[in-house]
Amino acid sequence: MVGVLIAMKVRVLRHSIGGSRAAGMVMGGLAGLALAVGTIVVAGLDGDLLAAVFAVWLFGWMLGPVYTGGGDESVRPEHFSLLPIDPRKLALGLLGTAFVGVPPLVSLVAFSALAVYAASFGLAGFTVALVAIPLMVALVVALSRLMIGVLGVAVRSRTGAILAAFVNASMNVVLNQSWVLIWAAIQFDLLSSGFPPAFSSVVRWLPSGWGLAAVEAAGRGDWLVAAAALLGICALIALALLVWSRLLVRRTTTKPLHWVPQGTGRDLPARGPVGAVAAKELRTWSRDLMRTHLLWFAVFFGVLYTLVPLIIGWWGMLPWAGVLVVVMAAATSANLFGLDGTSLWLTLVNPGTERAEVRGRQVAWLLRVAPIATVLTVAGTIAGGEGWTWPWTLSILAAVLGGGAGLIALVSVTMLVPVTEPNRRSGNPLEAGAIFGQVVLMLLLVTVTAVPAGAVAYLGDALDLPVVSWLAVVAGAATGAGLTWWFGRLAHRRLASKGPELLGLMRSGGTVTPGSGAAALGRAKVKLPAGKQALVTFLWIFCWIPLFPQGLVPLWTIWTGGDSRLWFLALHLHDPWRVPVAVAFVALGAVMIYFGTVIPNWHDRADPAITHEK
Amino acid sequence: MAAALELDALGKRFGPKIAVDHVSLSVPPGSFYGLVGPNGAGKTTSLSMAVGLLRPDTGHARIFGVDVWADPVAARARVGVLPDGLALPERLTGRELLTYLGRLRGLDRETAGARAGELLEILELDQAERTLVIDYSTGMRKKIGLATAMLHGPRLLVLDEPFEAVDPVSALTIRGMLKGFVAGGGSVVLSSHVMALVEQLCDHVAVIDRGRVAAAGPLDEVRDGRSLEDRFVELVGADVDDMKGPSWLAS
């Protein structure tokens, strides 16, 4: 049975791999391979460190699917709910399919570091390593499946969606703020003094360290411990499979109970068309689990992001919590129309309602985001700000609130990403679609809308005129209101003219029809040649490094006169080179984004044979 | 001989709403059983619980005497199901889907391939050889779902709205297939809203209303000398006024 399931998955993958997916797989595989090789290098250095790195691999496997959107769902348990197969056997079979793909191969390379480490433990250690390596790979894959299973059942409720948002946001914050952790490690002087003994035993007691513990025990001739560690891994795999098979049964034989609406809906008509849409949207924000998840993700992200630097005693980020929440909320809401799926037909058969549809959605988004963001900004500025911070935070908050409200409308009708229809979702809010590119673009665009307000605030500080500083708030409010109005207008005009095309895009999703070359993968209407696609993917993935950490962050640090240099290249130079180098990095990032955007467009235009009828 | 399908006081509650309230039905082997009822009466919920797709709060379901929830593996092997709104691996072609499911049902490679080919041909899906299931029309999805239900040669078919959105020619083909299946000793349970179709095809019928069985038994007993439609309206207690409509629409 495992063989049939694997053949099935391979066939599904073959039908769904388009240019961008293949390129993504190659890029991801190469990045993973680099990390795996790094793990092998660590194996030659230090056992404690290796155990810690293995723990990172384990957590990566457990949290990775959350981060990338619910894991691989090409072969779903629902497809087999009618078959006379024992759930434990099905779980085993589905686990087998989980080994198909690039990540397990990469992990096999990473865990083969055990064999390198075992070199100093003699033949016995090496033999145990050979047994432990495949077991460790099986363990991380099984625990990863279990995690997805738990989330898949948990996130079917509102509480679960919010919890999943918390986990998801924590994961993102750790990735984004890892420099704080590195900084903390330097401060606590871990590298020269080595790890404390408690750390060594903790990383070995974690399941990720059991393989390593077995090798070390075998090297000492302590066969009892070695056997116990290896058997422990097997037992944990079996336990994970057992629990997972239970969850599979639950998933296929219960229906998610949707939150029972409390309101009557009678107040809807009283507010005019815009009010009606806004009321509908507000209800959707709280009742659609995916939207609940995305909104809470933004809130947790902003709060945690600014809290993490407290580890190294830096309070200066707290005033920006509200702004971060707004920016992230705009980024995750930019697929506003895509999230509702083909219910867009309701707007299409009611000509003239496009304006209300867009304005109502903007109003609802502002009502959802602005109060939280304002409270966070005020509280954060009181806690971590100074007198001069107030005009900065308030003006930029106003600017990004307005800019965000405008951009979500505009981007959602120009860059629509097809998502599973709301009525066909398994209840898992992680199925938000391939919105990664959209999210990063929005992060950038929303940040840009804050530039005028920021400039005025800068002028106020530079001239030391509080009046000018406070004018920044006016400027922020003005640009915000203007952008909301203008982008919203562009959006409802486009919705009116391109509505049927948007509906068609949502219907077709992203499929590669066997035998035909044309693909309708979200925004990319024409399939790029693999090389160009890889280049575009590369540009989009790596443009953020010169733009943010090497460009804008050092500029900000120079501006505020901070003295921490970390890995920011510009800060290691001396004047007059610091600012130009940072600016050059920003320019480099911008150029990368520019080419990442225009290369697909060139290709679009160069190939008139392929029309956009899909 | 055990009933082909037996529902024994099945009950299900969704939050405050009781969807199915102690439904008991017995489908004799070799019968063509029609399940009718208004929208939201609990037909789909009852059928889902009967075939092992939704765990009931109370009661039992048995397929040829095998308890669906105590021994799901044995029960599922004896039944072919066309569920409502079924999940399918969308990125497979029809032939691939049938072949893999046949293999998972325990058929060998040759049998699975041959059966898939035959079903595709009969249901006229063989022209769409290069189309993925995700690009199928609603009717085509129904047909491929029907094919997955028949693949393993079960003695009982449970079909939720099998004729919905299917074109007239395919509908005739499917009716012919089902009639032949029953003539050969198989049993069919289907739910439908089309009374004329149920009257023509079925020899037994059950009327479900507000989660309860309003009437059940051989067709003629339930009809009681009238048309099924009239009897249905009477049973569900609907107040049908031919001319009723929104006041602003007619003028």
# chains A, B, ... in the order shown; residues from 1 in each chain; ligands from 1

$ select_by_dssp --residues "segment 9-230 of chain B" --states "strand (DSSP E)" --output "number ranges by chain"
B: 9-14, 17-27, 32-36, 58-63, 66-67, 79-82, 156-160, 187-191, 204-209, 212-218

$ residues_around --residues "Val133 of chain B" --least-positions-apart "5" --cutoff "10 Å" --atoms "only C-alpha atoms" --output "list of chain:residue names"
B:Leu88, B:Pro89, B:Glu90, B:Arg91, B:Leu92, B:Thr93, B:Gly94, B:Arg95, B:Glu96, B:Leu97, B:Ala128, B:Met140, B:Arg141, B:Ile144

$ interface_residues --of "chain B" --to "chain A" --cutoff "8 Å" --atoms "only C-alpha atoms" --output "compact mmCIF listing (two decimals) with C-alpha atoms, in the first residue's frame"
# COMPACT_ATOMS: atom_id res chain seq x y z
CA PHE B 14 -24.47 20.24 15.66
CA GLY B 15 -24.28 22.75 18.49
CA GLY B 52 -18.55 5.91 8.26
CA LEU B 53 -17.85 9.49 7.20
CA LEU B 54 -19.37 11.23 10.22
CA ARG B 55 -19.31 9.86 13.75
CA PRO B 72 -14.97 0.21 9.85
CA VAL B 73 -12.48 -1.70 7.71
CA ALA B 74 -14.76 -4.67 7.08
CA ALA B 75 -17.79 -2.44 6.60
CA ARG B 76 -16.10 -0.17 4.06
CA ALA B 77 -14.96 -3.13 1.99
CA VAL B 81 -20.11 5.38 -1.63
CA ALA B 87 -12.69 15.36 -1.67
CA LEU B 88 -10.58 13.96 -4.49
CA PRO B 89 -6.85 14.19 -5.19
CA ARG B 91 -4.18 16.83 -9.49
CA LEU B 92 -4.61 13.38 -10.97
CA TYR B 100 -4.51 4.15 -7.64
CA ARG B 103 -4.70 -0.61 -6.03
CA LEU B 104 -5.39 0.77 -2.55
CA ARG B 105 -8.58 -1.31 -2.48
CA ARG B 130 -5.60 14.57 -20.33
CA THR B 131 -7.82 16.52 -17.94
CA LEU B 132 -7.02 16.71 -14.24
CA ASP B 135 -10.63 20.89 -14.19

$ atom_distance --atom1 "atom CA of Tyr33 of chain B" --atom2 "atom CA of Pro56 of chain B"
21.7 Å

$ residues_around --residues "segment 215-230 of chain B" --least-positions-apart "6" --cutoff "6 Å" --atoms "only C-alpha atoms" --output "count of residues only"
6

$ residues_around --residues "Thr138 of chain B" --least-positions-apart "5" --cutoff "12 Å" --atoms "only C-alpha atoms" --output "JSON, numbers by chain"
{"B": [84, 85, 86, 133, 143, 144, 145, 162, 163, 164, 165, 166, 167]}

$ atom_distance --atom1 "atom CA of Leu114 of chain A" --atom2 "atom CA of Val243 of chain A"
28.3 Å

$ residues_around --residues "Val188 of chain B" --least-positions-apart "3" --cutoff "6 Å" --atoms "only C-alpha atoms" --output "VMD selection string"
chain B and resid 32 to 33 156 to 157

$ write_last_selection --atoms "N, CA and C atoms" --output "PDB file, in the first residue's frame"
ATOM      1  N   PHE B  32     -33.859  -1.386  -4.345  1.00  0.00           N
ATOM      2  CA  PHE B  32     -33.455  -0.078  -4.864  1.00  0.00           C
ATOM      3  C   PHE B  32     -34.151   0.933  -3.973  1.00  0.00           C
ATOM      4  N   TYR B  33     -33.401   1.558  -3.087  1.00  0.00           N
ATOM      5  CA  TYR B  33     -34.005   2.320  -1.993  1.00  0.00           C
ATOM      6  C   TYR B  33     -33.823   3.813  -2.227  1.00  0.00           C
ATOM      7  N   LEU B 156     -23.301  -3.231  -2.227  1.00  0.00           N
ATOM      8  CA  LEU B 156     -24.199  -2.147  -1.815  1.00  0.00           C
ATOM      9  C   LEU B 156     -23.598  -0.824  -2.290  1.00  0.00           C
ATOM     10  N   LEU B 157     -24.456  -0.005  -2.912  1.00  0.00           N
ATOM     11  CA  LEU B 157     -24.010   1.333  -3.314  1.00  0.00           C
ATOM     12  C   LEU B 157     -24.820   2.361  -2.541  1.00  0.00           C
TER      13      LEU B 157
END

$ residues_around --residues "segment 96-103 of chain A" --least-positions-apart "4" --cutoff "12 Å" --atoms "only C-alpha atoms" --output "PyMOL selection string"
chain A and resi 1-14+22+24-33+35-36+57+60-61+64-65+71-77+89-92+107-110+134+137-146+148+241

$ write_last_selection --atoms "C-alpha atoms" --output "mmCIF file, in the first residue's frame"
data_model
loop_
_atom_site.group_PDB
_atom_site.id
_atom_site.type_symbol
_atom_site.label_atom_id
_atom_site.label_comp_id
_atom_site.auth_asym_id
_atom_site.auth_seq_id
_atom_site.Cartn_x
_atom_site.Cartn_y
_atom_site.Cartn_z
ATOM 1 C CA MET A 1 0.000 0.000 0.000
ATOM 2 C CA VAL A 2 2.836 2.365 0.836
ATOM 3 C CA GLY A 3 4.131 1.847 -2.711
ATOM 4 C CA VAL A 4 0.800 2.823 -4.271
ATOM 5 C CA LEU A 5 0.501 5.927 -2.088
ATOM 6 C CA ILE A 6 4.026 6.998 -2.991
ATOM 7 C CA ALA A 7 3.369 6.435 -6.707
ATOM 8 C CA MET A 8 0.222 8.508 -6.314
ATOM 9 C CA LYS A 9 2.050 11.367 -4.657
ATOM 10 C CA VAL A 10 4.795 11.358 -7.278
ATOM 11 C CA ARG A 11 2.141 11.569 -9.992
ATOM 12 C CA VAL A 12 0.339 14.439 -8.210
ATOM 13 C CA LEU A 13 3.633 16.297 -7.828
ATOM 14 C CA ARG A 14 4.405 15.777 -11.501
ATOM 15 C CA ALA A 22 10.405 23.683 -9.562
ATOM 16 C CA GLY A 24 11.513 27.007 -5.479
ATOM 17 C CA MET A 25 12.309 23.335 -4.937
ATOM 18 C CA VAL A 26 15.799 23.747 -6.391
ATOM 19 C CA MET A 27 16.477 26.887 -4.358
ATOM 20 C CA GLY A 28 15.097 25.381 -1.177
ATOM 21 C CA GLY A 29 17.038 22.197 -1.770
ATOM 22 C CA LEU A 30 20.296 24.081 -2.250
ATOM 23 C CA ALA A 31 19.724 26.215 0.838
ATOM 24 C CA GLY A 32 18.866 23.104 2.852
ATOM 25 C CA LEU A 33 21.914 21.315 1.527
ATOM 26 C CA LEU A 35 22.661 23.936 6.141
ATOM 27 C CA ALA A 36 23.141 20.151 6.088
ATOM 28 C CA TRP A 57 16.555 20.530 12.794
ATOM 29 C CA GLY A 60 12.498 23.172 12.016
ATOM 30 C CA TRP A 61 10.682 20.020 10.936
ATOM 31 C CA GLY A 64 8.430 24.410 9.202
ATOM 32 C CA PRO A 65 5.079 23.166 7.880
ATOM 33 C CA GLY A 71 2.541 21.289 5.091
ATOM 34 C CA ASP A 72 2.227 19.118 2.054
ATOM 35 C CA GLU A 73 -1.383 18.351 1.298
ATOM 36 C CA SER A 74 -0.994 16.735 -2.126
ATOM 37 C CA VAL A 75 -2.191 13.399 -0.767
ATOM 38 C CA ARG A 76 -4.779 14.076 1.935
ATOM 39 C CA PRO A 77 -6.314 11.635 4.407
ATOM 40 C CA LYS A 89 -1.791 1.335 8.260
ATOM 41 C CA LEU A 90 -2.962 4.470 6.486
ATOM 42 C CA ALA A 91 -0.865 6.613 8.836
ATOM 43 C CA LEU A 92 2.134 4.431 8.044
ATOM 44 C CA SER A 107 17.802 15.886 6.459
ATOM 45 C CA LEU A 108 19.426 12.551 5.706
ATOM 46 C CA VAL A 109 22.558 14.464 4.712
ATOM 47 C CA ALA A 110 22.311 16.571 7.880
ATOM 48 C CA PRO A 134 17.791 6.662 9.324
ATOM 49 C CA VAL A 137 15.232 11.084 9.864
ATOM 50 C CA ALA A 138 12.151 8.918 10.428
ATOM 51 C CA LEU A 139 11.695 10.537 13.835
ATOM 52 C CA VAL A 140 11.744 14.131 12.611
ATOM 53 C CA VAL A 141 9.396 13.309 9.707
ATOM 54 C CA ALA A 142 6.974 11.462 12.000
ATOM 55 C CA LEU A 143 6.957 14.266 14.598
ATOM 56 C CA SER A 144 6.449 16.792 11.814
ATOM 57 C CA ARG A 145 3.396 14.875 10.543
ATOM 58 C CA LEU A 146 2.089 14.651 14.095
ATOM 59 C CA ILE A 148 0.510 19.044 11.340
ATOM 60 C CA LEU A 241 2.233 7.286 14.382
#

$ residues_around --residues "Gly42 of chain B" --least-positions-apart "5" --cutoff "7 Å" --atoms "only C-alpha atoms" --output "MDAnalysis selection string"
chainID B and resid 19:20 210:211

$ atom_distance --atom1 "atom CA of Val236 of chain B" --atom2 "atom CA of Val36 of chain B"
10.6 Å

$ closest_residue --among "A:Leu401, A:Val413, A:Val363, A:Val215" --to "Pro500 of chain A" --atoms "only C-alpha atoms"
A:Val413

$ closest_residue --among "A:Tyr594, A:Trp205, A:Phe126, A:Trp296" --to "Gly219 of chain A" --atoms "only C-alpha atoms"
A:Phe126
